[in-house]
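model_25.txt (compact mmCIF, C-alpha atoms and all ligand atoms) appears below.
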```txt
# COMPACT_ATOMS: atom_id res chain seq x y z
CA MET C 184 162.61 79.05 83.33
CA SER C 185 158.86 78.37 83.72
CA THR C 186 157.18 75.05 83.04
CA PRO C 187 154.82 75.17 80.07
CA LEU C 188 151.38 73.66 80.50
CA TRP C 189 150.24 74.28 76.93
CA SER C 190 148.59 72.93 74.44
CA PRO C 191 147.29 76.17 72.99
CA ARG C 192 143.52 76.57 73.07
CA ARG C 193 141.03 78.89 71.45
CA LEU C 194 139.18 81.36 73.68
CA ARG C 195 135.55 82.01 72.73
CA SER C 196 135.27 84.77 75.32
CA VAL C 197 137.90 86.69 77.24
CA SER C 198 137.61 87.34 80.98
CA ASP C 199 138.99 90.38 82.83
CA ALA C 200 141.63 88.12 84.40
CA GLN C 201 142.68 86.90 80.95
CA ILE C 202 142.84 90.49 79.67
CA ASP C 203 145.17 91.25 82.59
CA GLU C 204 147.44 88.33 81.74
CA LEU C 205 147.41 89.07 78.01
CA ALA C 206 148.41 92.65 78.83
CA ASP C 207 151.37 91.24 80.78
CA VAL C 208 152.44 89.26 77.71
CA LEU C 209 152.11 92.25 75.37
CA ILE C 210 153.97 94.61 77.72
CA ASP C 211 156.75 92.05 78.15
CA CYS C 212 157.15 91.65 74.38
CA VAL C 213 157.31 95.43 73.83
CA GLU C 214 159.81 95.78 76.69
CA GLY C 215 161.82 93.04 75.02
CA GLY C 216 162.04 95.07 71.81
CA ALA C 217 159.35 93.41 69.67
CA SER C 218 157.79 95.56 66.94
CA VAL C 219 154.14 94.64 67.46
CA SER C 220 152.31 97.93 66.78
CA PHE C 221 153.26 99.68 70.05
CA MET C 222 156.02 102.00 71.17
CA HIS C 223 157.96 101.64 74.44
CA PRO C 224 156.95 102.19 77.19
CA LEU C 225 153.55 100.59 76.77
CA SER C 226 151.30 101.49 79.70
CA ARG C 227 149.09 98.86 81.30
CA GLY C 228 146.05 100.97 80.46
CA ARG C 229 146.85 100.99 76.74
CA ALA C 230 147.68 97.31 76.74
CA GLU C 231 144.42 96.42 78.48
CA ALA C 232 142.48 98.68 76.11
CA PHE C 233 144.00 96.80 73.18
CA TRP C 234 142.94 93.43 74.61
CA ARG C 235 139.45 94.69 75.43
CA GLY C 236 139.12 95.54 71.74
CA VAL C 237 140.35 92.08 70.86
CA ALA C 238 137.80 90.58 73.26
CA GLN C 239 135.03 92.44 71.46
CA GLY C 240 136.26 91.04 68.13
CA VAL C 241 136.34 87.54 69.59
CA ALA C 242 132.78 87.90 70.91
CA ALA C 243 131.68 89.12 67.47
CA GLY C 244 133.34 86.18 65.74
CA GLU C 245 135.64 88.52 63.81
CA ARG C 246 138.81 87.15 65.39
CA ALA C 247 140.03 83.78 66.60
CA LEU C 248 142.18 84.14 69.71
CA LEU C 249 144.51 81.32 70.72
CA VAL C 250 146.31 81.26 74.05
CA ALA C 251 148.66 79.05 76.00
CA GLU C 252 149.57 79.14 79.66
CA ASP C 253 152.13 78.02 82.16
CA GLU C 254 151.87 77.85 85.94
CA ARG C 255 152.03 81.66 86.15
CA GLY C 256 149.19 82.28 83.71
CA LEU C 257 148.86 83.07 80.03
CA CYS C 258 152.28 83.16 78.41
CA GLY C 259 151.60 82.99 74.68
CA THR C 260 148.97 84.03 72.17
CA VAL C 261 148.22 84.48 68.48
CA GLN C 262 145.23 85.74 66.52
CA LEU C 263 143.49 85.12 63.23
CA MET C 264 141.64 88.05 61.69
CA LEU C 265 138.68 86.15 60.29
CA ALA C 266 136.61 89.11 59.09
CA GLN C 267 137.73 89.88 55.55
CA PRO C 268 136.19 91.57 52.50
CA GLU C 269 133.41 89.62 50.83
CA ASN C 270 135.64 88.65 47.92
CA GLN C 271 138.19 87.01 50.28
CA PRO C 272 136.13 84.71 52.48
CA HIS C 273 138.79 81.99 52.29
CA ARG C 274 141.55 84.22 53.72
CA ALA C 275 142.62 85.30 57.22
CA ASP C 276 145.44 87.46 58.52
CA LEU C 277 147.57 86.04 61.30
CA ALA C 278 148.67 88.64 63.84
CA LYS C 279 149.91 89.40 67.35
CA MET C 280 151.96 86.28 67.80
CA LEU C 281 153.36 86.90 71.27
CA VAL C 282 155.29 84.66 73.63
CA HIS C 283 156.35 86.02 77.02
CA ARG C 284 160.12 86.02 77.39
CA ARG C 285 159.83 83.56 80.28
CA ALA C 286 158.36 80.93 77.92
CA ARG C 287 160.45 81.35 74.76
CA ARG C 288 162.61 78.81 72.98
CA GLN C 289 160.65 75.83 74.26
CA GLY C 290 158.52 75.28 71.17
CA LEU C 291 155.53 77.37 72.23
CA GLY C 292 155.68 79.68 69.19
CA THR C 293 155.68 76.62 66.96
CA ALA C 294 152.75 75.10 68.86
CA LEU C 295 150.76 78.34 68.59
CA MET C 296 151.34 78.50 64.83
CA GLN C 297 150.20 74.90 64.42
CA ALA C 298 147.11 75.58 66.54
CA ALA C 299 146.35 78.72 64.52
CA GLU C 300 146.50 76.74 61.28
CA THR C 301 144.15 74.12 62.71
CA ALA C 302 141.74 76.84 63.87
CA ALA C 303 141.93 78.49 60.45
CA ARG C 304 140.97 75.25 58.73
CA GLU C 305 138.08 74.80 61.16
CA CYS C 306 136.90 78.29 60.16
CA GLY C 307 137.05 77.37 56.47
CA LYS C 308 140.15 79.44 55.78
CA THR C 309 142.59 78.14 53.19
CA LEU C 310 144.93 81.13 52.81
CA LEU C 311 146.79 82.89 55.64
CA VAL C 312 148.87 86.08 55.37
CA LEU C 313 151.17 87.75 57.89
CA ASP C 314 154.11 90.10 58.12
CA ALA C 315 157.07 90.08 60.47
CA VAL C 316 160.16 92.17 61.12
CA THR C 317 162.70 91.23 58.48
CA GLY C 318 165.38 88.90 59.82
CA GLY C 319 163.83 88.59 63.28
CA ASP C 320 162.99 85.59 65.45
CA ALA C 321 159.42 85.46 64.18
CA ALA C 322 160.37 85.59 60.49
CA ARG C 323 162.77 82.70 61.06
CA LEU C 324 160.01 80.73 62.78
CA TYR C 325 157.53 81.27 59.95
CA ALA C 326 160.05 80.32 57.28
CA ARG C 327 160.94 77.16 59.22
CA LEU C 328 157.25 76.21 59.38
CA GLY C 329 156.90 76.43 55.62
CA TRP C 330 155.37 79.86 55.16
CA VAL C 331 156.22 81.33 51.76
CA ARG C 332 158.21 84.55 51.80
CA VAL C 333 156.72 87.13 49.39
CA GLY C 334 159.13 90.01 49.86
CA GLU C 335 160.24 92.91 52.01
CA ILE C 336 158.84 96.37 52.55
CA PRO C 337 161.65 98.69 53.70
CA GLY C 338 161.01 101.19 56.48
CA TYR C 339 157.63 99.69 57.30
CA ALA C 340 157.40 100.37 61.04
CA LEU C 341 159.21 101.75 64.04
CA MET C 342 160.87 99.50 66.57
CA PRO C 343 159.50 100.16 70.08
CA GLN C 344 162.55 102.21 71.07
CA GLY C 345 162.60 104.01 67.71
CA GLY C 346 164.34 103.37 64.41
CA LEU C 347 162.66 102.03 61.31
CA CYS C 348 162.57 98.34 60.45
CA SER C 349 161.61 96.46 57.31
CA THR C 350 158.83 93.92 57.26
CA THR C 351 158.70 90.63 55.39
CA VAL C 352 155.34 89.45 54.05
CA PHE C 353 154.57 85.73 54.18
CA TYR C 354 151.65 83.55 53.11
CA ARG C 355 150.58 80.00 53.80
CA ASN C 356 148.29 78.01 51.53
CA LEU C 357 146.43 75.56 53.74
CA GLY C 358 144.83 73.90 50.77
CA ALA C 359 148.17 72.73 49.39
C1 LIG U 1 158.80 84.98 67.68
C2 LIG U 1 158.32 84.29 68.93
C3 LIG U 1 156.81 84.25 68.94
C4 LIG U 1 158.87 82.85 68.96
O1 LIG U 1 158.32 82.18 70.09
P1 LIG U 1 159.06 80.91 70.76
O2 LIG U 1 158.09 80.31 71.70
O3 LIG U 1 160.38 81.29 71.27
O4 LIG U 1 159.21 79.96 69.48
P2 LIG U 1 159.84 78.49 69.42
O5 LIG U 1 160.26 78.07 70.79
O6 LIG U 1 158.87 77.62 68.72
O7 LIG U 1 161.10 78.68 68.47
C5 LIG U 1 162.08 79.64 68.81
C6 LIG U 1 163.48 79.01 68.81
O8 LIG U 1 163.60 78.09 69.91
C7 LIG U 1 164.09 76.84 69.42
N1 LIG U 1 163.53 75.80 70.27
C8 LIG U 1 162.26 75.34 70.24
N2 LIG U 1 162.11 74.37 71.19
C9 LIG U 1 163.29 74.27 71.82
C10 LIG U 1 163.76 73.46 72.89
N3 LIG U 1 162.96 72.57 73.50
N4 LIG U 1 165.03 73.63 73.30
C11 LIG U 1 165.82 74.51 72.69
N5 LIG U 1 165.44 75.32 71.66
C12 LIG U 1 164.19 75.18 71.25
C13 LIG U 1 163.60 76.81 67.98
O9 LIG U 1 164.34 75.90 67.20
C14 LIG U 1 163.82 78.23 67.56
O10 LIG U 1 165.18 78.43 67.27
P3 LIG U 1 165.72 79.63 66.30
O11 LIG U 1 165.15 80.92 66.81
O12 LIG U 1 167.19 79.56 66.47
O13 LIG U 1 165.23 79.34 64.92
C15 LIG U 1 158.83 85.02 70.21
O14 LIG U 1 160.21 85.20 70.08
C16 LIG U 1 158.17 86.34 70.46
O15 LIG U 1 157.09 86.42 71.04
N6 LIG U 1 158.82 87.45 70.06
C17 LIG U 1 158.31 88.79 70.37
C18 LIG U 1 157.01 89.11 69.69
C19 LIG U 1 157.13 89.07 68.19
O16 LIG U 1 158.07 89.55 67.61
N7 LIG U 1 156.11 88.47 67.58
C20 LIG U 1 156.06 88.30 66.15
C21 LIG U 1 155.14 89.28 65.53
S1 LIG U 1 155.09 89.02 63.77
```

Once you've parsed the file, please lay out its structure as C-alpha cells.
Amino acid sequence: MSTPLWSPRRLRSVSDAQIDELADVLIDCVEGGASVSFMHPLSRGRAEAFWRGVAQGVAAGERALLVAEDERGLCGTVQLMLAQPENQPHRADLAKMLVHRRARRQGLGTALMQAAETAARECGKTLLVLDAVTGGDAARLYARLGWVRVGEIPGYALMPQGGLCSTTVFYRNLGA
C-alpha cells in the first residue's frame, strides 16, 4: 500500500507530466471496472486526450480540477464543471472522481469530496449535482457525506467490460 501525501489541491494549469499521471489514474480506474465514461481497454492515447481537454477547460476557468498525490505521483482527482447555463450560475456538476486502486480505502475519496465542496464555495457555487453507479463504492461515499439521493435512472450507461448499469443522481446544497 502506498503512503498518501495529500491534502488535495486545486490545479490552475496542468503540465504534460500531470496529464501523464492523471491518465494513469483514469486507466487504472477503468481497468478496475469503474463506469466513468470509457470502455475497457482504454488506450493511453485516449486517456491523455481526455486530460488534455480537461486542461483546456481548467485554463479557460470552465472547470476546477482537484488532485492529490502520493510518493508515486498523482493518485486521486475530482472535477467541478463550473460553466453552466446563465440561469444556473450558482450550480456546478461534480464529475470524474477517481482514486487509483493503490490509494483507496484510506480516506482520499472523502478528502477529495471535502476539497471539492470548499472549492465550489470559493467559486460562489451553492448547489452541486452528480451521478454515480447505483449501489457502487462512490454512491455509498456520497450518501455517507450527506449528499441527497434524488433517484435512479435504469440502464443509464455501460460498464467498461459491457453490461448496462443504473445511475443514481445526487445533489448537495452548500447553502444549507
Ligand atoms: C469511489 C472512490 C472514489 C472512493 O475512493 P476512496 O479513496 O477509496 O474513498 P474513501 O477511502 O474515502 O472511502 C472508501 C471506503 O474506505 C473506508 N476507509 C476510509 N479510510 C479508511 C481507513 N483509514 N482505514 C480503513 N478504511 C477506510 C471508508 O469508510 C469507505 O468504506 P465503505 O466503502 O465500506 O463505505 C474510489 O473507489 C474510486 O475511484 N472508484 C473508481 C472510480 C469511480 O467509480 N468513481 C466514481 C465516479 S461517480

Enumerate, in order of chain and increasing residue number, the residues of segment 186-231 of chain C with an atom no farther than 10 Å from segment 305-329 of chain C, each with its shortest atom pair and distance in Å to one decimal, counting only C-alpha atoms, as a tab-separated table.
```
residue	atom	partner	partner_atom	distance
C:Ala217	CA	C:Val316	CA	8.7
C:Ser218	CA	C:Val316	CA	7.1
C:Val219	CA	C:Ala315	CA	8.8
```

How many Å separate atom CA of Pro268 of chain C from atom CA of Arg246 of chain C?
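One can read the atom CA of Pro268 of chain C to atom CA of Arg246 of chain C distance as 13.9 Å.
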
Just want the 10 Å neighbourhood of segment 334-342 of chain C, counted on all atoms listed in the file, with same-chain residues fewer than 2 positions away dropped. Output as a ChimeraX atom specification.
/C:213,216-223,314-317,331-332,344-353

For the selection you just gave me, I'd like the residues written to a file as a PDB file, keeping the file's coordinate frame, keeping C-alpha atoms.
```
ATOM      1  CA  VAL C 213     157.310  95.430  73.830  1.00  0.00           C
ATOM      2  CA  GLY C 216     162.040  95.070  71.810  1.00  0.00           C
ATOM      3  CA  ALA C 217     159.350  93.410  69.670  1.00  0.00           C
ATOM      4  CA  SER C 218     157.790  95.560  66.940  1.00  0.00           C
ATOM      5  CA  VAL C 219     154.140  94.640  67.460  1.00  0.00           C
ATOM      6  CA  SER C 220     152.310  97.930  66.780  1.00  0.00           C
ATOM      7  CA  PHE C 221     153.260  99.680  70.050  1.00  0.00           C
ATOM      8  CA  MET C 222     156.020 102.000  71.170  1.00  0.00           C
ATOM      9  CA  HIS C 223     157.960 101.640  74.440  1.00  0.00           C
ATOM     10  CA  ASP C 314     154.110  90.100  58.120  1.00  0.00           C
ATOM     11  CA  ALA C 315     157.070  90.080  60.470  1.00  0.00           C
ATOM     12  CA  VAL C 316     160.160  92.170  61.120  1.00  0.00           C
ATOM     13  CA  THR C 317     162.700  91.230  58.480  1.00  0.00           C
ATOM     14  CA  VAL C 331     156.220  81.330  51.760  1.00  0.00           C
ATOM     15  CA  ARG C 332     158.210  84.550  51.800  1.00  0.00           C
ATOM     16  CA  GLN C 344     162.550 102.210  71.070  1.00  0.00           C
ATOM     17  CA  GLY C 345     162.600 104.010  67.710  1.00  0.00           C
ATOM     18  CA  GLY C 346     164.340 103.370  64.410  1.00  0.00           C
ATOM     19  CA  LEU C 347     162.660 102.030  61.310  1.00  0.00           C
ATOM     20  CA  CYS C 348     162.570  98.340  60.450  1.00  0.00           C
ATOM     21  CA  SER C 349     161.610  96.460  57.310  1.00  0.00           C
ATOM     22  CA  THR C 350     158.830  93.920  57.260  1.00  0.00           C
ATOM     23  CA  THR C 351     158.700  90.630  55.390  1.00  0.00           C
ATOM     24  CA  VAL C 352     155.340  89.450  54.050  1.00  0.00           C
ATOM     25  CA  PHE C 353     154.570  85.730  54.180  1.00  0.00           C
TER      26      PHE C 353
END
```

Who sits within 10 Å of segment 193-208 of chain C, only C-alpha atoms, same chain under 3 positions skipped, as a ChimeraX atom specification:
/C:211-214,225-235,237-244,246-252,255-262,281-285,298-299,302

How big is the axis-aligned box around all listed atoms of ligand LIG 1 (chain U) once 5 Å goes on each side, and where's its centre, in Å to one decimal, as lines of an AutoDock Vina configuration file?
```
center_x = 161.1
center_y = 81.1
center_z = 68.6
size_x = 22.1
size_y = 27.0
size_z = 19.7
```

Distance in Å - atom O8 of ligand LIG 1 (chain U) versus atom CA of Gly215 of chain C:
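Rounded to one decimal, the two atoms are 15.9 Å apart.
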
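Here the question is which of C:Ala275, C:Val333, C:Met264, C:Leu209 gets nearest to ligand LIG 1 (chain U) using all atoms listed in the file, and that residue is C:Leu209.
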
Record the distance separating atom C4 of ligand LIG 1 (chain U) and atom CA of Lys279 of chain C, expressed in Å with one decimal.
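Atom C4 of ligand LIG 1 (chain U) sits 11.2 Å away from atom CA of Lys279 of chain C.
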
Requested file, segment 219-247 of chain C restricted to N, CA and C atoms, as an mmCIF file, in the first residue's frame:
```cif
data_model
loop_
_atom_site.group_PDB
_atom_site.id
_atom_site.type_symbol
_atom_site.label_atom_id
_atom_site.label_comp_id
_atom_site.auth_asym_id
_atom_site.auth_seq_id
_atom_site.Cartn_x
_atom_site.Cartn_y
_atom_site.Cartn_z
ATOM 1 N N VAL C 219 -16.841 5.195 -15.846
ATOM 2 C CA VAL C 219 -16.521 6.622 -15.807
ATOM 3 C C VAL C 219 -16.362 7.176 -17.228
ATOM 4 N N SER C 220 -17.309 6.811 -18.078
ATOM 5 C CA SER C 220 -17.448 7.311 -19.448
ATOM 6 C C SER C 220 -16.672 6.514 -20.492
ATOM 7 N N PHE C 221 -15.765 5.631 -20.082
ATOM 8 C CA PHE C 221 -14.911 4.936 -21.038
ATOM 9 C C PHE C 221 -15.103 3.425 -20.976
ATOM 10 N N MET C 222 -14.886 2.797 -22.137
ATOM 11 C CA MET C 222 -14.925 1.338 -22.211
ATOM 12 C C MET C 222 -13.515 0.785 -22.038
ATOM 13 N N HIS C 223 -13.433 -0.483 -21.635
ATOM 14 C CA HIS C 223 -12.163 -1.187 -21.484
ATOM 15 C C HIS C 223 -11.848 -1.925 -22.785
ATOM 16 N N PRO C 224 -10.597 -1.913 -23.267
ATOM 17 C CA PRO C 224 -9.437 -1.256 -22.683
ATOM 18 C C PRO C 224 -9.363 0.208 -23.114
ATOM 19 N N LEU C 225 -8.929 1.038 -22.208
ATOM 20 C CA LEU C 225 -8.754 2.463 -22.502
ATOM 21 C C LEU C 225 -7.288 2.698 -22.861
ATOM 22 N N SER C 226 -7.049 3.125 -24.090
ATOM 23 C CA SER C 226 -5.658 3.341 -24.525
ATOM 24 C C SER C 226 -5.085 4.580 -23.851
ATOM 25 N N ARG C 227 -3.757 4.602 -23.736
ATOM 26 C CA ARG C 227 -3.097 5.779 -23.157
ATOM 27 C C ARG C 227 -3.383 7.021 -23.997
ATOM 28 N N GLY C 228 -3.427 6.849 -25.317
ATOM 29 C CA GLY C 228 -3.677 7.998 -26.175
ATOM 30 C C GLY C 228 -5.035 8.626 -25.905
ATOM 31 N N ARG C 229 -6.055 7.783 -25.740
ATOM 32 C CA ARG C 229 -7.396 8.327 -25.477
ATOM 33 C C ARG C 229 -7.463 8.941 -24.088
ATOM 34 N N ALA C 230 -6.813 8.312 -23.145
ATOM 35 C CA ALA C 230 -6.820 8.861 -21.786
ATOM 36 C C ALA C 230 -6.114 10.222 -21.754
ATOM 37 N N GLU C 231 -4.984 10.306 -22.426
ATOM 38 C CA GLU C 231 -4.258 11.595 -22.433
ATOM 39 C C GLU C 231 -5.066 12.656 -23.175
ATOM 40 N N ALA C 232 -5.742 12.250 -24.258
ATOM 41 C CA ALA C 232 -6.562 13.218 -24.998
ATOM 42 C C ALA C 232 -7.680 13.751 -24.100
ATOM 43 N N PHE C 233 -8.260 12.870 -23.300
ATOM 44 C CA PHE C 233 -9.295 13.329 -22.367
ATOM 45 C C PHE C 233 -8.728 14.389 -21.424
ATOM 46 N N TRP C 234 -7.548 14.107 -20.849
ATOM 47 C CA TRP C 234 -6.997 15.044 -19.857
ATOM 48 C C TRP C 234 -6.514 16.329 -20.517
ATOM 49 N N ARG C 235 -6.074 16.247 -21.776
ATOM 50 C CA ARG C 235 -5.716 17.496 -22.458
ATOM 51 C C ARG C 235 -6.954 18.385 -22.618
ATOM 52 N N GLY C 236 -8.096 17.761 -22.889
ATOM 53 C CA GLY C 236 -9.335 18.538 -22.960
ATOM 54 C C GLY C 236 -9.691 19.149 -21.619
ATOM 55 N N VAL C 237 -9.484 18.360 -20.562
ATOM 56 C CA VAL C 237 -9.728 18.894 -19.215
ATOM 57 C C VAL C 237 -8.803 20.080 -18.949
ATOM 58 N N ALA C 238 -7.535 19.940 -19.333
ATOM 59 C CA ALA C 238 -6.562 21.017 -19.109
ATOM 60 C C ALA C 238 -7.003 22.299 -19.802
ATOM 61 N N GLN C 239 -7.572 22.167 -20.979
ATOM 62 C CA GLN C 239 -8.065 23.355 -21.682
ATOM 63 C C GLN C 239 -9.209 23.995 -20.901
ATOM 64 N N GLY C 240 -10.104 23.156 -20.362
ATOM 65 C CA GLY C 240 -11.211 23.677 -19.563
ATOM 66 C C GLY C 240 -10.740 24.353 -18.287
ATOM 67 N N VAL C 241 -9.690 23.804 -17.697
ATOM 68 C CA VAL C 241 -9.106 24.413 -16.492
ATOM 69 C C VAL C 241 -8.530 25.780 -16.844
ATOM 70 N N ALA C 242 -7.774 25.819 -17.945
ATOM 71 C CA ALA C 242 -7.152 27.095 -18.351
ATOM 72 C C ALA C 242 -8.212 28.145 -18.659
ATOM 73 N N ALA C 243 -9.365 27.701 -19.167
ATOM 74 C CA ALA C 243 -10.438 28.628 -19.519
ATOM 75 C C ALA C 243 -11.310 28.995 -18.321
ATOM 76 N N GLY C 244 -11.042 28.371 -17.180
ATOM 77 C CA GLY C 244 -11.841 28.654 -15.989
ATOM 78 C C GLY C 244 -13.198 27.979 -16.001
ATOM 79 N N GLU C 245 -13.385 27.023 -16.918
ATOM 80 C CA GLU C 245 -14.669 26.326 -17.019
ATOM 81 C C GLU C 245 -14.763 25.145 -16.058
ATOM 82 N N ARG C 246 -13.606 24.659 -15.613
ATOM 83 C CA ARG C 246 -13.574 23.515 -14.703
ATOM 84 C C ARG C 246 -12.623 23.828 -13.556
ATOM 85 N N ALA C 247 -12.945 23.293 -12.389
ATOM 86 C CA ALA C 247 -11.985 23.257 -11.286
ATOM 87 C C ALA C 247 -11.492 21.824 -11.178
#
```
